[in-house]
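**Q** Here you go, query.cif (mmCIF, C-alpha atoms):
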```cif
data_upload
loop_
_atom_site.group_PDB
_atom_site.id
_atom_site.type_symbol
_atom_site.label_atom_id
_atom_site.label_comp_id
_atom_site.auth_asym_id
_atom_site.auth_seq_id
_atom_site.Cartn_x
_atom_site.Cartn_y
_atom_site.Cartn_z
ATOM 1 C CA MET B 1 -23.700 -50.974 -89.550
ATOM 2 C CA ILE B 2 -22.643 -54.553 -90.247
ATOM 3 C CA GLU B 3 -24.871 -57.113 -88.549
ATOM 4 C CA LEU B 4 -23.633 -60.063 -86.540
ATOM 5 C CA ARG B 5 -24.659 -62.542 -89.227
ATOM 6 C CA GLU B 6 -22.534 -60.751 -91.840
ATOM 7 C CA THR B 7 -19.554 -60.619 -89.492
ATOM 8 C CA LEU B 8 -19.781 -64.340 -88.816
ATOM 9 C CA ASP B 9 -19.994 -65.047 -92.548
ATOM 10 C CA LEU B 10 -16.814 -63.019 -93.075
ATOM 11 C CA LEU B 11 -15.071 -64.920 -90.297
ATOM 12 C CA ARG B 12 -16.120 -68.271 -91.739
ATOM 13 C CA SER B 13 -14.471 -67.224 -94.994
ATOM 14 C CA GLY B 14 -11.270 -66.356 -93.130
ATOM 15 C CA THR B 15 -11.726 -62.599 -93.585
ATOM 16 C CA LEU B 16 -10.812 -60.412 -90.620
ATOM 17 C CA SER B 17 -12.299 -56.969 -91.182
ATOM 18 C CA ARG B 18 -11.789 -54.524 -88.308
ATOM 19 C CA ALA B 19 -14.948 -52.605 -89.213
ATOM 20 C CA SER B 20 -17.033 -55.776 -89.092
ATOM 21 C CA LEU B 21 -15.811 -56.698 -85.580
ATOM 22 C CA TYR B 22 -17.947 -53.995 -83.971
ATOM 23 C CA ALA B 23 -20.882 -56.361 -84.476
ATOM 24 C CA LEU B 24 -19.346 -58.550 -81.736
ATOM 25 C CA SER B 25 -19.948 -55.795 -79.168
ATOM 26 C CA ASN B 26 -22.701 -55.951 -76.536
ATOM 27 C CA LEU B 27 -23.726 -59.501 -77.359
ATOM 28 C CA SER B 28 -26.083 -61.510 -75.214
ATOM 29 C CA ARG B 29 -24.804 -64.747 -73.732
ATOM 30 C CA LYS B 30 -26.646 -66.723 -76.413
ATOM 31 C CA GLU B 31 -25.296 -64.551 -79.222
ATOM 32 C CA SER B 32 -21.758 -64.793 -77.886
ATOM 33 C CA GLY B 33 -22.075 -68.581 -77.806
ATOM 34 C CA THR B 34 -23.066 -68.595 -81.464
ATOM 35 C CA ALA B 35 -20.295 -66.153 -82.360
ATOM 36 C CA TRP B 36 -17.589 -67.991 -80.455
ATOM 37 C CA ALA B 37 -18.577 -71.306 -82.027
ATOM 38 C CA VAL B 38 -17.556 -69.717 -85.338
ATOM 39 C CA CYS B 39 -14.409 -68.133 -83.870
ATOM 40 C CA ALA B 40 -13.331 -71.406 -82.277
ATOM 41 C CA GLY B 41 -13.277 -73.014 -85.715
ATOM 42 C CA LEU B 42 -10.723 -70.529 -87.039
ATOM 43 C CA PRO B 43 -7.000 -71.358 -87.230
ATOM 44 C CA VAL B 44 -5.188 -70.473 -84.006
ATOM 45 C CA ALA B 45 -3.216 -67.619 -85.565
ATOM 46 C CA LEU B 46 -6.363 -66.000 -86.925
ATOM 47 C CA ARG B 47 -8.216 -66.546 -83.646
ATOM 48 C CA ASP B 48 -5.386 -64.867 -81.765
ATOM 49 C CA LYS B 49 -5.372 -61.950 -84.201
ATOM 50 C CA LEU B 50 -9.141 -61.622 -83.856
ATOM 51 C CA VAL B 51 -9.097 -61.364 -80.057
ATOM 52 C CA ARG B 52 -6.111 -59.004 -80.178
ATOM 53 C CA GLN B 53 -7.998 -56.731 -82.550
ATOM 54 C CA LEU B 54 -10.996 -56.739 -80.219
ATOM 55 C CA VAL B 55 -8.704 -55.664 -77.371
ATOM 56 C CA GLU B 56 -7.331 -52.817 -79.506
ATOM 57 C CA ILE B 57 -10.807 -51.661 -80.524
ATOM 58 C CA ALA B 58 -11.974 -51.713 -76.897
ATOM 59 C CA GLU B 59 -8.962 -49.594 -75.889
ATOM 60 C CA ASP B 60 -9.799 -47.032 -78.573
ATOM 61 C CA ASP B 61 -13.569 -46.917 -78.117
ATOM 62 C CA PHE B 62 -15.101 -46.989 -74.628
ATOM 63 C CA GLN B 63 -18.571 -47.526 -76.071
ATOM 64 C CA VAL B 64 -17.873 -51.068 -77.264
ATOM 65 C CA ASN B 65 -18.099 -54.070 -74.973
ATOM 66 C CA PHE B 66 -16.633 -57.379 -76.055
ATOM 67 C CA GLY B 67 -16.881 -58.848 -72.559
ATOM 68 C CA GLU B 68 -18.956 -61.869 -73.548
ATOM 69 C CA ILE B 69 -16.510 -62.804 -76.298
ATOM 70 C CA PHE B 70 -13.524 -62.374 -73.975
ATOM 71 C CA ARG B 71 -15.200 -64.609 -71.393
ATOM 72 C CA ARG B 72 -15.605 -67.330 -74.002
ATOM 73 C CA ALA B 73 -11.998 -66.898 -75.094
ATOM 74 C CA LEU B 74 -10.748 -67.533 -71.548
ATOM 75 C CA GLU B 75 -11.347 -71.226 -72.162
ATOM 76 C CA ASP B 76 -9.639 -71.351 -75.573
ATOM 77 C CA GLU B 77 -7.092 -74.104 -76.207
ATOM 78 C CA SER B 78 -4.504 -71.493 -77.225
ATOM 79 C CA ALA B 79 -2.576 -69.777 -74.427
ATOM 80 C CA ALA B 80 -2.103 -66.710 -76.647
ATOM 81 C CA VAL B 81 -5.866 -66.370 -77.039
ATOM 82 C CA ARG B 82 -6.451 -66.872 -73.312
ATOM 83 C CA LEU B 83 -3.872 -64.187 -72.554
ATOM 84 C CA ALA B 84 -5.533 -61.723 -74.921
ATOM 85 C CA ALA B 85 -8.887 -62.498 -73.307
ATOM 86 C CA VAL B 86 -7.596 -61.718 -69.810
ATOM 87 C CA GLU B 87 -6.121 -58.461 -71.088
ATOM 88 C CA GLY B 88 -9.398 -57.600 -72.805
ATOM 89 C CA LEU B 89 -11.263 -57.915 -69.508
ATOM 90 C CA TRP B 90 -8.896 -55.550 -67.705
ATOM 91 C CA GLU B 91 -11.450 -52.807 -66.944
ATOM 92 C CA ASP B 92 -14.414 -55.126 -66.363
ATOM 93 C CA GLU B 93 -15.541 -54.861 -62.729
ATOM 94 C CA ASP B 94 -18.180 -57.584 -62.868
ATOM 95 C CA VAL B 95 -17.524 -59.564 -59.676
ATOM 96 C CA ARG B 96 -18.434 -62.801 -61.449
ATOM 97 C CA LEU B 97 -15.098 -62.508 -63.208
ATOM 98 C CA VAL B 98 -13.338 -63.533 -59.997
ATOM 99 C CA GLY B 99 -14.698 -67.044 -60.497
ATOM 100 C CA LEU B 100 -13.259 -67.108 -64.028
ATOM 101 C CA LEU B 101 -9.896 -65.507 -63.279
ATOM 102 C CA ALA B 102 -9.064 -67.552 -60.187
ATOM 103 C CA PRO B 103 -8.816 -70.848 -62.172
ATOM 104 C CA ARG B 104 -6.627 -69.059 -64.731
ATOM 105 C CA LEU B 105 -4.264 -68.193 -61.892
ATOM 106 C CA LEU B 106 -4.365 -71.485 -60.009
ATOM 107 C CA GLU B 107 -4.798 -74.065 -62.778
ATOM 108 C CA GLU B 108 -3.386 -72.402 -65.907
ATOM 109 C CA THR B 109 -0.388 -74.057 -67.576
ATOM 110 C CA ASP B 110 0.968 -70.911 -69.227
ATOM 111 C CA ALA B 111 2.951 -68.528 -66.997
ATOM 112 C CA ALA B 112 2.060 -65.397 -68.967
ATOM 113 C CA VAL B 113 -1.646 -66.133 -68.540
ATOM 114 C CA ARG B 114 -1.177 -66.794 -64.814
ATOM 115 C CA ALA B 115 0.646 -63.487 -64.437
ATOM 116 C CA ALA B 116 -2.095 -61.611 -66.283
ATOM 117 C CA ALA B 117 -4.768 -63.294 -64.155
ATOM 118 C CA ALA B 118 -2.918 -62.340 -60.959
ATOM 119 C CA ASP B 119 -2.678 -58.763 -62.180
ATOM 120 C CA SER B 120 -6.372 -58.688 -63.057
ATOM 121 C CA LEU B 121 -7.507 -60.117 -59.732
ATOM 122 C CA GLY B 122 -5.782 -57.217 -58.013
ATOM 123 C CA ARG B 123 -8.519 -54.801 -58.980
ATOM 124 C CA PHE B 124 -11.093 -56.883 -57.121
ATOM 125 C CA VAL B 125 -8.899 -56.785 -54.023
ATOM 126 C CA LEU B 126 -8.797 -52.994 -54.384
ATOM 127 C CA LEU B 127 -12.541 -52.715 -54.978
ATOM 128 C CA GLY B 128 -13.138 -54.800 -51.879
ATOM 129 C CA GLU B 129 -10.782 -52.689 -49.775
ATOM 130 C CA LEU B 130 -12.669 -49.595 -50.939
ATOM 131 C CA GLY B 131 -16.007 -51.188 -50.060
ATOM 132 C CA LYS B 132 -17.217 -51.042 -53.652
ATOM 133 C CA ILE B 133 -17.984 -54.746 -54.023
ATOM 134 C CA ARG B 134 -19.436 -57.379 -51.714
ATOM 135 C CA GLU B 135 -17.200 -59.183 -49.254
ATOM 136 C CA GLN B 136 -17.574 -62.598 -50.923
ATOM 137 C CA PRO B 137 -15.887 -61.802 -54.284
ATOM 138 C CA HIS B 138 -13.337 -59.644 -52.488
ATOM 139 C CA ARG B 139 -12.336 -62.541 -50.220
ATOM 140 C CA ALA B 140 -12.401 -64.983 -53.141
ATOM 141 C CA ALA B 141 -9.899 -62.855 -55.079
ATOM 142 C CA LEU B 142 -7.740 -62.511 -51.991
ATOM 143 C CA ARG B 143 -7.828 -66.279 -51.298
ATOM 144 C CA ALA B 144 -6.840 -67.104 -54.874
ATOM 145 C CA LEU B 145 -3.873 -64.747 -54.774
ATOM 146 C CA LEU B 146 -2.729 -65.974 -51.354
ATOM 147 C CA ALA B 147 -3.026 -69.597 -52.523
ATOM 148 C CA ALA B 148 -0.937 -68.799 -55.591
ATOM 149 C CA ALA B 149 1.625 -67.021 -53.414
ATOM 150 C CA ALA B 150 2.104 -70.251 -51.466
ATOM 151 C CA VAL B 151 3.184 -72.238 -54.551
ATOM 152 C CA PRO B 152 6.961 -72.624 -53.991
ATOM 153 C CA GLU B 153 7.883 -73.487 -57.575
ATOM 154 C CA GLU B 154 6.027 -70.560 -59.174
ATOM 155 C CA VAL B 155 8.084 -68.556 -61.666
ATOM 156 C CA ILE B 156 9.200 -65.064 -60.731
ATOM 157 C CA SER B 157 7.141 -63.268 -63.383
ATOM 158 C CA VAL B 158 3.965 -64.608 -61.776
ATOM 159 C CA ARG B 159 5.177 -64.146 -58.196
ATOM 160 C CA ARG B 160 5.808 -60.475 -58.921
ATOM 161 C CA ARG B 161 2.261 -59.870 -60.146
ATOM 162 C CA ILE B 162 0.836 -61.750 -57.150
ATOM 163 C CA VAL B 163 2.687 -59.580 -54.623
ATOM 164 C CA GLU B 164 1.778 -56.394 -56.489
ATOM 165 C CA SER B 165 -1.926 -57.311 -56.560
ATOM 166 C CA LEU B 166 -2.013 -58.385 -52.923
ATOM 167 C CA ALA B 167 -0.482 -55.046 -51.896
ATOM 168 C CA TYR B 168 -3.940 -53.468 -51.964
ATOM 169 C CA SER B 169 -4.893 -55.591 -48.940
ATOM 170 C CA GLY B 170 -4.180 -54.424 -45.417
ATOM 171 C CA GLU B 171 -3.900 -57.962 -44.027
ATOM 172 C CA GLU B 172 -0.777 -58.694 -42.020
ATOM 173 C CA ALA B 173 -0.111 -61.836 -44.074
ATOM 174 C CA VAL B 174 0.292 -59.577 -47.106
ATOM 175 C CA ALA B 175 2.810 -57.363 -45.299
ATOM 176 C CA ASP B 176 4.806 -60.510 -44.519
ATOM 177 C CA LEU B 177 4.763 -61.464 -48.196
ATOM 178 C CA ILE B 178 5.989 -58.020 -49.221
ATOM 179 C CA GLN B 179 8.803 -58.257 -46.677
ATOM 180 C CA ARG B 180 9.849 -61.677 -47.987
ATOM 181 C CA ALA B 181 9.705 -60.370 -51.544
ATOM 182 C CA TYR B 182 12.029 -57.536 -50.591
ATOM 183 C CA GLN B 183 14.488 -60.061 -49.156
ATOM 184 C CA ASP B 184 14.376 -62.201 -52.310
ATOM 185 C CA PRO B 185 17.713 -62.720 -54.115
ATOM 186 C CA SER B 186 16.126 -61.584 -57.374
ATOM 187 C CA GLU B 187 16.415 -57.851 -58.014
ATOM 188 C CA GLU B 188 13.240 -57.997 -60.094
ATOM 189 C CA MET B 189 11.353 -59.407 -57.108
ATOM 190 C CA ARG B 190 12.776 -56.741 -54.813
ATOM 191 C CA THR B 191 11.702 -54.069 -57.291
ATOM 192 C CA SER B 192 8.154 -55.438 -57.250
ATOM 193 C CA ALA B 193 8.285 -55.420 -53.441
ATOM 194 C CA VAL B 194 9.036 -51.689 -53.449
ATOM 195 C CA PHE B 195 6.224 -51.183 -55.962
ATOM 196 C CA ALA B 196 3.932 -53.067 -53.563
ATOM 197 C CA MET B 197 5.120 -50.952 -50.631
ATOM 198 C CA GLY B 198 3.956 -47.827 -52.395
ATOM 199 C CA ARG B 199 0.689 -49.366 -53.493
ATOM 200 C CA SER B 200 -0.049 -50.499 -49.931
ATOM 201 C CA ALA B 201 -0.058 -46.877 -48.669
ATOM 202 C CA ASP B 202 1.419 -48.300 -45.453
ATOM 203 C CA GLU B 203 3.895 -45.984 -43.737
ATOM 204 C CA ARG B 204 5.785 -48.942 -42.253
ATOM 205 C CA TRP B 205 7.680 -49.127 -45.537
ATOM 206 C CA SER B 206 8.867 -45.512 -45.532
ATOM 207 C CA ALA B 207 12.463 -46.206 -44.480
ATOM 208 C CA VAL B 208 12.900 -48.975 -47.052
ATOM 209 C CA VAL B 209 11.499 -46.856 -49.860
ATOM 210 C CA LEU B 210 13.740 -43.918 -48.944
ATOM 211 C CA SER B 211 16.792 -46.200 -48.860
ATOM 212 C CA GLU B 212 16.219 -47.345 -52.451
ATOM 213 C CA MET B 213 15.881 -43.925 -54.073
ATOM 214 C CA PHE B 214 19.452 -43.908 -55.369
ATOM 215 C CA ALA B 215 19.798 -47.620 -56.123
ATOM 216 C CA PRO B 216 22.070 -48.497 -59.081
ATOM 217 C CA ASN B 217 19.170 -50.056 -60.978
ATOM 218 C CA PRO B 218 16.955 -47.389 -62.650
ATOM 219 C CA ALA B 219 13.913 -49.682 -62.332
ATOM 220 C CA MET B 220 14.376 -49.676 -58.552
ATOM 221 C CA ARG B 221 14.893 -45.903 -58.470
ATOM 222 C CA TYR B 222 11.704 -45.495 -60.484
ATOM 223 C CA GLU B 223 9.627 -47.639 -58.127
ATOM 224 C CA ALA B 224 11.131 -46.000 -55.035
ATOM 225 C CA ALA B 225 10.462 -42.509 -56.382
ATOM 226 C CA ARG B 226 6.898 -43.449 -57.287
ATOM 227 C CA ALA B 227 6.319 -45.094 -53.909
ATOM 228 C CA CYS B 228 7.407 -41.891 -52.151
ATOM 229 C CA GLY B 229 4.493 -40.099 -53.784
ATOM 230 C CA GLU B 230 2.029 -42.856 -52.977
ATOM 231 C CA LEU B 231 3.164 -42.791 -49.339
ATOM 232 C CA GLU B 232 3.264 -38.962 -49.387
ATOM 233 C CA LEU B 233 6.700 -38.912 -47.767
ATOM 234 C CA GLU B 234 7.639 -35.325 -47.031
ATOM 235 C CA ASP B 235 11.120 -36.507 -46.039
ATOM 236 C CA ALA B 236 11.647 -37.590 -49.650
ATOM 237 C CA VAL B 237 11.194 -34.156 -51.255
ATOM 238 C CA LEU B 238 14.886 -33.164 -51.412
ATOM 239 C CA SER B 239 15.865 -36.572 -52.780
ATOM 240 C CA LEU B 240 13.064 -36.409 -55.329
ATOM 241 C CA ILE B 241 14.313 -32.999 -56.436
ATOM 242 C CA ASP B 242 17.710 -34.632 -57.011
ATOM 243 C CA LEU B 243 16.055 -37.423 -59.026
ATOM 244 C CA VAL B 244 14.464 -34.853 -61.308
ATOM 245 C CA GLU B 245 17.978 -34.678 -62.794
ATOM 246 C CA ASP B 246 18.376 -38.464 -63.024
ATOM 247 C CA VAL B 247 19.982 -39.911 -66.149
ATOM 248 C CA ASP B 248 16.862 -42.016 -66.753
ATOM 249 C CA VAL B 249 13.885 -40.023 -68.050
ATOM 250 C CA GLU B 250 11.343 -42.427 -66.537
ATOM 251 C CA VAL B 251 12.925 -41.942 -63.106
ATOM 252 C CA GLN B 252 12.711 -38.187 -63.672
ATOM 253 C CA GLN B 253 9.018 -38.475 -64.512
ATOM 254 C CA ALA B 254 8.348 -40.627 -61.428
ATOM 255 C CA ALA B 255 10.100 -38.056 -59.222
ATOM 256 C CA ILE B 256 8.076 -35.247 -60.783
ATOM 257 C CA TRP B 257 4.817 -37.141 -60.272
ATOM 258 C CA SER B 258 5.641 -37.752 -56.618
ATOM 259 C CA LEU B 259 6.508 -34.106 -56.003
ATOM 260 C CA GLY B 260 3.005 -33.300 -57.216
ATOM 261 C CA GLN B 261 1.540 -35.793 -54.750
ATOM 262 C CA ILE B 262 3.554 -34.597 -51.746
ATOM 263 C CA GLY B 263 3.438 -30.850 -52.376
ATOM 264 C CA GLY B 264 5.050 -28.015 -50.459
ATOM 265 C CA GLU B 265 6.892 -24.915 -51.599
ATOM 266 C CA GLU B 266 10.104 -26.664 -52.616
ATOM 267 C CA ALA B 267 8.164 -29.200 -54.683
ATOM 268 C CA ARG B 268 6.118 -26.420 -56.287
ATOM 269 C CA ARG B 269 9.225 -24.411 -57.140
ATOM 270 C CA THR B 270 10.897 -27.427 -58.732
ATOM 271 C CA LEU B 271 7.825 -28.312 -60.765
ATOM 272 C CA LYS B 272 7.506 -24.743 -62.041
ATOM 273 C CA ASN B 273 11.122 -24.870 -63.164
ATOM 274 C CA CYS B 274 10.508 -28.180 -64.913
ATOM 275 C CA CYS B 275 7.606 -26.607 -66.826
ATOM 276 C CA HIS B 276 10.272 -24.742 -68.843
ATOM 277 C CA SER B 277 12.330 -27.851 -69.619
ATOM 278 C CA ASP B 278 13.557 -28.394 -73.181
ATOM 279 C CA ASN B 279 12.390 -32.004 -72.851
ATOM 280 C CA GLU B 280 8.728 -32.255 -73.862
ATOM 281 C CA ALA B 281 8.110 -35.362 -71.721
ATOM 282 C CA ILE B 282 9.524 -33.658 -68.624
ATOM 283 C CA ARG B 283 7.628 -30.457 -69.359
ATOM 284 C CA SER B 284 4.335 -32.317 -69.754
ATOM 285 C CA ALA B 285 4.892 -34.406 -66.613
ATOM 286 C CA ALA B 286 5.688 -31.274 -64.609
ATOM 287 C CA GLN B 287 2.603 -29.447 -65.834
ATOM 288 C CA GLU B 288 0.364 -32.342 -64.865
ATOM 289 C CA ALA B 289 2.071 -32.746 -61.486
ATOM 290 C CA LEU B 290 1.800 -29.039 -60.736
ATOM 291 C CA CYS B 291 -1.912 -29.041 -61.503
ATOM 292 C CA GLU B 292 -2.321 -32.109 -59.294
ATOM 293 C CA LEU B 293 -0.425 -30.391 -56.472
ATOM 294 C CA GLU B 294 -2.579 -27.277 -56.633
ATOM 295 C CA PHE B 295 -5.758 -29.333 -56.929
ATOM 296 C CA LEU B 296 -4.894 -31.448 -53.891
ATOM 297 C CA GLN B 297 -4.119 -28.322 -51.903
ATOM 298 C CA GLY B 298 -7.186 -26.458 -53.154
ATOM 299 C CA ASN B 299 -5.118 -23.794 -54.883
ATOM 300 C CA LEU B 300 -5.666 -24.561 -58.561
ATOM 301 C CA GLY B 301 -5.018 -21.455 -60.590
ATOM 302 C CA MET B 302 -3.664 -19.383 -57.680
ATOM 303 C CA PHE B 303 0.006 -20.014 -58.355
ATOM 304 C CA PHE B 304 0.095 -19.932 -62.141
ATOM 305 C CA THR B 305 1.205 -16.998 -64.237
ATOM 306 C CA ASP B 306 1.200 -16.555 -67.991
ATOM 307 C CA ASP B 307 4.875 -17.515 -67.999
ATOM 308 C CA ASP B 308 4.368 -20.893 -66.296
ATOM 309 C CA PHE B 309 3.193 -22.608 -69.470
ATOM 310 C CA ASP B 310 3.934 -22.132 -73.135
ATOM 311 C CA GLU B 311 0.957 -20.626 -74.928
ATOM 312 C CA GLY B 312 -1.563 -23.193 -76.109
ATOM 313 C CA GLU B 313 0.463 -26.088 -74.744
ATOM 314 C CA TYR B 314 -1.596 -27.150 -71.785
ATOM 315 C CA TRP B 315 -4.788 -25.185 -71.290
#
```
For this file, produce the structure as structure tokens.

**A**
Amino acid sequence: MIELRETLDLLRSGTLSRASLYALSNLSRKESGTAWAVCAGLPVALRDKLVRQLVEIAEDDFQVNFGEIFRRALEDESAAVRLAAVEGLWEDEDVRLVGLLAPRLLEETDAAVRAAAADSLGRFVLLGELGKIREQPHRAALRALLAAAAVPEEVISVRRRIVESLAYSGEEAVADLIQRAYQDPSEEMRTSAVFAMGRSADERWSAVVLSEMFAPNPAMRYEAARACGELELEDAVLSLIDLVEDVDVEVQQAAIWSLGQIGGEEARRTLKNCCHSDNEAIRSAAQEALCELEFLQGNLGMFFTDDDFDEGEYW
């Protein structure tokens, strides 16, 4: 196991060894300060590559924790490094992060970083709605997102992430924002509005979601199909069965997923048929959706036969 001192020596020499970067995991605040002082002295391109590699390692190995390094990197002079740091903190549920992410959303000069910060703050809105964190950080995340939503000149890429993150909240002001987003002249914004409608789990949006299921834009069809499952719209089942034959494979997969969420005999029959598809992606999606359907209805294993799945493919 390479020690921190050896890793820092390698970095000082300009050597970026993936194996050595594990020494940057689970650092104390003091150790991370020492480590980042070395990292901050690296050329920007190397610093960016370093943080990106830490993100990749963290995605591959749940036992590592580069959180202290990512927190330091949030203040880096390079927008690329700051963006990588926000992405690296994606699964971190430490409520103190709200105080670090809010300035990245409200004061950041780079739009990509603002969008990532808005996306990241959404999980604290969700955690608050679920009662899993204290009210103070929950409200702080919500206030930051609402303040950012009120900036009239904000670019659309950031506005989309703001609306999507706010969708977790049941506040009426958020419903108004979703409605305005759906009326936006930008099709991308309207697509995010439909995404937010599904995420909100609010039945008020049912008619809108159903109306967009056969939109010309496959991105809109995808979000509408997915939202039907999140809203558990039984009225959408026949349309979702039609979308299983959509020309866009991602729309097909969204329709299959939603059939698994909604359930019923017609959905079950369709999913069983899809389990024999020649398309591996469709077959896999159908198998997962069918298991989800039976699990949600407490029937797992009751409706499967040896012919439902290819041998060795799923179980």

**Q** Compare B:Leu50, B:Asp119, B:Leu127, B:Ala193 by their minimum atom-to-atom distance to Ala144 in chain B, counting only C-alpha atoms, and give me the closest one.

**A** B:Asp119

**Q** Using the chain letters and numbers from the file, which residues does the PyMOL selection byres ((chain B and resi 261-271) around 9) grab, as an MDAnalysis selection string?

**A** chainID B and resid 228:234 236:238 240:241 244 256:260 272:275 283 285:287 289:290 292:294 296:297

**Q** Excluding Ala45 in chain B and residues on its chain fewer than 6 positions from it, collect all residues at most 10 Å away from it, counting all atoms listed in the file, and give them as a list in words.

**A**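 Here the qualifying residues turn out to be Ser78, Ala80 and Val81 of chain B.
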
**Q** Produce a file of the selected residues containing C-alpha atoms, as a PDB file, keeping the file's coordinate frame.

**A**
```pdb
ATOM      1  CA  SER B  78      -4.504 -71.493 -77.225  1.00  0.00           C
ATOM      2  CA  ALA B  80      -2.103 -66.710 -76.647  1.00  0.00           C
ATOM      3  CA  VAL B  81      -5.866 -66.370 -77.039  1.00  0.00           C
TER       4      VAL B  81
END
```

**Q** For Ile133 in chain B, find every residue with an atom within 10 Å (counting only C-alpha atoms), except residues of its own chain fewer than 4 positions away, and show them as an MDAnalysis selection string.

**A** chainID B and resid 93:95 124:129 137:138

**Q** Choose the residue, out of B:Tyr182, B:Cys39, B:Tyr222, B:Gly170, that has the smallest atom-to-atom separation from Ala201 in chain B; count only C-alpha atoms.

**A**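 Answer, going by the shortest atom-to-atom distance: B:Gly170.
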